[in-house]
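In what follows, a structure is listed as structure tokens, so that the remarks can point back to it.
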Amino acid sequence: MGCFVSTPQDTGGNRRRPGNIGEVSVFVPGLRIPKPVDFSLALGDQLSKTLVERLSALRTRIVVMAGQEAPTITRTRRKTATQHGGSTLADLLQALEDYLPVLLGLVKDGSTLQHKVQFIWVNQEDDAEETAMFSAWYETLSILHLMATLSLSQANLLLLPRTSLDGYSPKVSEESRRSSVDIFLKAAGYLDCAVRNVLPQLPAELRRNLPVDLAEGVLRALCLQALGQAVDIQLGLAIDSTKATLAVKRRLACEMVKYWQQAQDNIMNLPLSNGWGEKHRLFVKWKYIEAKASAYYYHGLILDEGNTEKSHGMAVAALQAADEYLKESKKACEAFNAAIPLSRNPPLWGTMKYLAEKIPKDTSSKVRINRDLYSYEKIMETAPTLPDFALALKPDEYQLPHVDASWDDETYRQGTA
């Protein structure tokens, strides 16, 4: 019951790993792809032919779409984003949403049917080429992970800058930015549901043998980084708003640091040794450093509003820290883009376009002014502690759907099987 098979990397060429994934605003984990399943062989004598055929048709649709579109979805170039990438993602997401209520009939009321079918998925971040388990909960977990992955891909497409009609530098519209926040929260909701409601359903042995793509730490890290990127967008919108105060911007920046720190804490000890996994780790590291640059910058500006020698000294220390983190983030960004699969940054926009210009300029200015006013010894060598704010942004409250009505007529057949 619930036995599993993990196939080593050198046994086949099923894994699709592009050498270059193009421009990246949002890290999208390598797409896990389902392999075909023969429902009739496993369930033909226990369920009606109609239901078996429906399960087969719904899952086959996903297998075909994911297999054909994985390279298109993974390589998020602008051409794909503008022509058919978005609709492809929406179609595949809809196929998953159609399948899930029917799939959940296999686990209804603890049915033993959940152990009858062997589900096989191709991994990306794990050393094993693929993982097969006789577990409908494993299938459910894989579906939610794929739904989150597709949502992150949708957000990435929205956040790739477009050349504006007025001829100015490429930018992301306010509408796209606000839409991306909703999508980030939706992705976080899928992942939060996976951790809270699906992982606990798997026996301890199966949980230990899940591919690292589905490890609790990876799922939590993906959830947290979705929230972190949503806050990043909110900060960018606040920067553009004349009504947003420095205090609001500092709070958003400090919250962003906490999300990325927690994401890093969840992922740092996992065996993410191959291309996708290492690239994932490097992305979290880069964004964590970048977030600290933002937080120290706004903390420094607020400290500089104080009237004491101490507050001015702390302000300079905070701004110098922001400048150092900004430089460090550029190196971390280069390391991320150089990791396989290769990637590149879109043109700077939003929060980091603003801060890449403001941090060096304001730091240099404040350091010069304060060194003229105070002796060098009065300026702190270490940055002051950032304020600790409660995290305001939460994942959408996604719940697993109710079992599809097509299972209502199967009760007797299950009970007598």
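Numbering starts fresh at 1 for the residues of each chain in the structure tokens, the chains themselves are lettered A, B, ... in the order given, and ligands are numbered from 1 as they appear.
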### Task
Would you list the contacts of stretch 37-53 of chain A as a PyMOL selection string, taking every protein, DNA or RNA residue within 12 Å and counting only C-alpha atoms, but skipping same-chain residues closer than 6 positions in sequence?
chain A and resi 59-63+99+102-103+105-106+111-121+132-134+136+139+404-417
With N, CA, C and O atoms retained, could you export that selection as a compact mmCIF listing (two decimals), in the first residue's frame?
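Output file again-v5.txt is given in full below:
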```
# COMPACT_ATOMS: atom_id res chain seq x y z
N ARG A 59 -7.38 13.36 -17.05
CA ARG A 59 -5.94 13.34 -16.77
C ARG A 59 -5.12 13.31 -18.05
O ARG A 59 -4.05 13.93 -18.13
N THR A 60 -5.61 12.59 -19.06
CA THR A 60 -4.90 12.54 -20.33
C THR A 60 -4.78 13.95 -20.94
O THR A 60 -3.74 14.31 -21.51
N ARG A 61 -5.83 14.73 -20.79
CA ARG A 61 -5.79 16.11 -21.27
C ARG A 61 -4.64 16.88 -20.61
O ARG A 61 -3.92 17.63 -21.28
N ILE A 62 -4.46 16.67 -19.32
CA ILE A 62 -3.38 17.35 -18.59
C ILE A 62 -2.02 16.85 -19.05
O ILE A 62 -1.09 17.63 -19.29
N VAL A 63 -1.89 15.52 -19.20
CA VAL A 63 -0.62 14.93 -19.64
C VAL A 63 -0.20 15.51 -20.99
O VAL A 63 0.95 15.92 -21.19
N TYR A 99 -10.12 18.47 -13.24
CA TYR A 99 -9.72 17.11 -12.85
C TYR A 99 -9.80 16.89 -11.34
O TYR A 99 -10.20 15.82 -10.86
N VAL A 102 -12.88 15.34 -9.46
CA VAL A 102 -13.11 13.95 -9.84
C VAL A 102 -12.04 13.06 -9.20
O VAL A 102 -12.33 11.98 -8.67
N LEU A 103 -10.80 13.54 -9.21
CA LEU A 103 -9.70 12.81 -8.56
C LEU A 103 -9.98 12.58 -7.08
O LEU A 103 -9.74 11.49 -6.55
N GLY A 105 -12.51 11.95 -5.52
CA GLY A 105 -13.40 10.82 -5.23
C GLY A 105 -12.62 9.60 -4.78
O GLY A 105 -13.14 8.77 -4.01
N LEU A 106 -11.36 9.46 -5.22
CA LEU A 106 -10.54 8.30 -4.84
C LEU A 106 -10.16 8.31 -3.36
O LEU A 106 -9.80 7.27 -2.81
N SER A 111 -11.43 6.06 1.39
CA SER A 111 -11.57 4.90 0.51
C SER A 111 -10.23 4.24 0.19
O SER A 111 -9.22 4.91 -0.01
N THR A 112 -10.25 2.91 0.13
CA THR A 112 -9.02 2.18 -0.24
C THR A 112 -8.67 2.38 -1.71
O THR A 112 -7.57 2.01 -2.13
N LEU A 113 -9.57 2.99 -2.47
CA LEU A 113 -9.26 3.26 -3.87
C LEU A 113 -8.06 4.20 -4.02
O LEU A 113 -7.40 4.21 -5.06
N GLN A 114 -7.79 4.97 -2.97
CA GLN A 114 -6.68 5.92 -3.04
C GLN A 114 -5.33 5.23 -3.24
O GLN A 114 -4.37 5.86 -3.67
N HIS A 115 -5.27 3.92 -2.95
CA HIS A 115 -4.00 3.19 -3.08
C HIS A 115 -3.95 2.29 -4.32
O HIS A 115 -3.01 1.52 -4.49
N LYS A 116 -4.96 2.37 -5.17
CA LYS A 116 -5.07 1.42 -6.29
C LYS A 116 -4.31 1.86 -7.54
O LYS A 116 -3.93 1.02 -8.36
N VAL A 117 -4.12 3.16 -7.70
CA VAL A 117 -3.54 3.67 -8.95
C VAL A 117 -2.13 4.19 -8.69
O VAL A 117 -1.88 4.91 -7.72
N GLN A 118 -1.21 3.80 -9.57
CA GLN A 118 0.16 4.31 -9.46
C GLN A 118 0.29 5.59 -10.31
O GLN A 118 0.15 5.55 -11.53
N PHE A 119 0.54 6.70 -9.64
CA PHE A 119 0.69 7.99 -10.32
C PHE A 119 2.18 8.31 -10.48
O PHE A 119 2.96 8.18 -9.52
N ILE A 120 2.56 8.73 -11.67
CA ILE A 120 3.97 8.97 -11.99
C ILE A 120 4.13 10.41 -12.47
O ILE A 120 3.41 10.87 -13.35
N TRP A 121 5.10 11.09 -11.88
CA TRP A 121 5.41 12.47 -12.28
C TRP A 121 6.91 12.62 -12.51
O TRP A 121 7.73 12.08 -11.75
N ALA A 132 7.09 7.65 -8.67
CA ALA A 132 5.79 6.98 -8.83
C ALA A 132 5.30 6.52 -7.46
O ALA A 132 6.06 5.96 -6.68
N MET A 133 4.04 6.77 -7.17
CA MET A 133 3.46 6.36 -5.89
C MET A 133 2.03 5.87 -6.08
O MET A 133 1.28 6.45 -6.87
N PHE A 134 1.67 4.81 -5.36
CA PHE A 134 0.28 4.36 -5.33
C PHE A 134 -0.45 5.20 -4.28
O PHE A 134 -0.76 4.73 -3.19
N ALA A 136 -3.37 8.54 -4.23
CA ALA A 136 -4.13 9.64 -4.83
C ALA A 136 -3.82 10.96 -4.12
O ALA A 136 -4.00 12.04 -4.71
N GLU A 139 -0.92 12.38 -5.91
CA GLU A 139 -1.42 13.00 -7.14
C GLU A 139 -2.02 14.37 -6.85
O GLU A 139 -1.78 15.35 -7.57
N ASP A 404 -16.64 15.52 -6.93
CA ASP A 404 -17.56 15.69 -8.05
C ASP A 404 -18.80 14.80 -7.90
O ASP A 404 -18.73 13.67 -7.39
N ALA A 405 -19.92 15.33 -8.36
CA ALA A 405 -21.20 14.62 -8.22
C ALA A 405 -21.22 13.28 -8.96
O ALA A 405 -22.05 12.40 -8.65
N SER A 406 -20.33 13.10 -9.91
CA SER A 406 -20.31 11.83 -10.66
C SER A 406 -19.97 10.64 -9.76
O SER A 406 -20.21 9.49 -10.15
N TRP A 407 -19.45 10.92 -8.56
CA TRP A 407 -19.14 9.83 -7.62
C TRP A 407 -20.36 9.38 -6.81
O TRP A 407 -20.31 8.34 -6.15
N ASP A 408 -21.43 10.15 -6.84
CA ASP A 408 -22.59 9.83 -6.00
C ASP A 408 -23.15 8.45 -6.30
O ASP A 408 -23.63 7.75 -5.40
N ASP A 409 -23.11 8.03 -7.55
CA ASP A 409 -23.68 6.74 -7.94
C ASP A 409 -22.70 5.59 -7.75
O ASP A 409 -23.04 4.45 -8.05
N GLU A 410 -21.50 5.89 -7.25
CA GLU A 410 -20.48 4.85 -7.13
C GLU A 410 -20.40 4.25 -5.73
O GLU A 410 -19.62 3.35 -5.49
N THR A 411 -21.18 4.76 -4.80
CA THR A 411 -21.06 4.34 -3.40
C THR A 411 -21.22 2.83 -3.25
O THR A 411 -20.41 2.16 -2.61
N TYR A 412 -22.26 2.26 -3.85
CA TYR A 412 -22.53 0.84 -3.69
C TYR A 412 -21.39 0.00 -4.27
O TYR A 412 -20.93 -0.97 -3.66
N ARG A 413 -20.93 0.41 -5.47
CA ARG A 413 -19.88 -0.37 -6.14
C ARG A 413 -18.60 -0.35 -5.32
O ARG A 413 -17.90 -1.35 -5.22
N GLN A 414 -18.25 0.81 -4.72
CA GLN A 414 -17.06 0.88 -3.88
C GLN A 414 -17.23 -0.02 -2.65
O GLN A 414 -16.34 -0.74 -2.24
N GLY A 415 -18.41 0.11 -2.07
CA GLY A 415 -18.65 -0.64 -0.83
C GLY A 415 -18.61 -2.13 -1.02
O GLY A 415 -18.28 -2.88 -0.10
N THR A 416 -18.94 -2.64 -2.20
CA THR A 416 -18.97 -4.08 -2.41
C THR A 416 -17.74 -4.58 -3.13
O THR A 416 -17.61 -5.78 -3.37
N ALA A 417 -16.85 -3.65 -3.48
CA ALA A 417 -15.66 -4.07 -4.23
C ALA A 417 -14.73 -4.89 -3.36
O ALA A 417 -14.63 -4.66 -2.17
```
### Residue contacts of A:Glu255 (8 Å, only C-alpha atoms) excluding same-chain residues fewer than 6 positions away, as a VMD selection string
chain A and resid 228 231 388 to 392
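By chain and then residue number, the residues within 6 Å of stretch 288-301 of chain A are Arg250, Ala253, Cys254, Val257, Trp260, Ala315, Ala318, Leu319, Ala322, Tyr325, Leu326 and Ser329 of chain A, counting only C-alpha atoms and disregarding those fewer than 6 positions away in sequence.
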### Those in stretch 43-247 of chain A with strand (DSSP E or B) from DSSP, as a VMD selection string
chain A and resid 119 to 122 128 to 133 162 171
### Secondary structure check, helix (DSSP H, G or I) residues of stretch 215-353 of chain A, as a VMD selection string
chain A and resid 216 to 240 246 to 267 275 to 304 309 to 338 350 to 353
May I have a table of the residues of stretch 254-329 of chain A lying at most 8 Å from stretch 217-224 of chain A, giving each one's closest pair of atoms and their distance in Å to one decimal, counting only C-alpha atoms, ordered by chain and ascending residue number, as CSV?
```
residue,atom,partner,partner_atom,distance
A:Tyr259,CA,A:Leu224,CA,5.5
A:Trp260,CA,A:Leu224,CA,6.8
A:Gln262,CA,A:Leu224,CA,7.0
A:Ala263,CA,A:Ala221,CA,4.2
A:Gln264,CA,A:Ala221,CA,6.9
A:Asn266,CA,A:Gly217,CA,4.7
A:Ile267,CA,A:Gly217,CA,5.6
A:Leu270,CA,A:Gly217,CA,7.4
```
Now that the selection is made, can you save its residues with C-alpha atoms as a CSV table (one decimal), in the first residue's frame?
```csv
chain,number,residue,atom,x,y,z
A,259,TYR,CA,9.1,36.8,3.9
A,260,TRP,CA,12.4,36.3,2.1
A,262,GLN,CA,11.6,32.8,6.1
A,263,ALA,CA,11.7,31.4,2.5
A,264,GLN,CA,15.5,31.1,2.8
A,266,ASN,CA,12.9,26.8,4.7
A,267,ILE,CA,15.0,26.0,1.6
A,270,LEU,CA,17.3,20.9,1.5
```
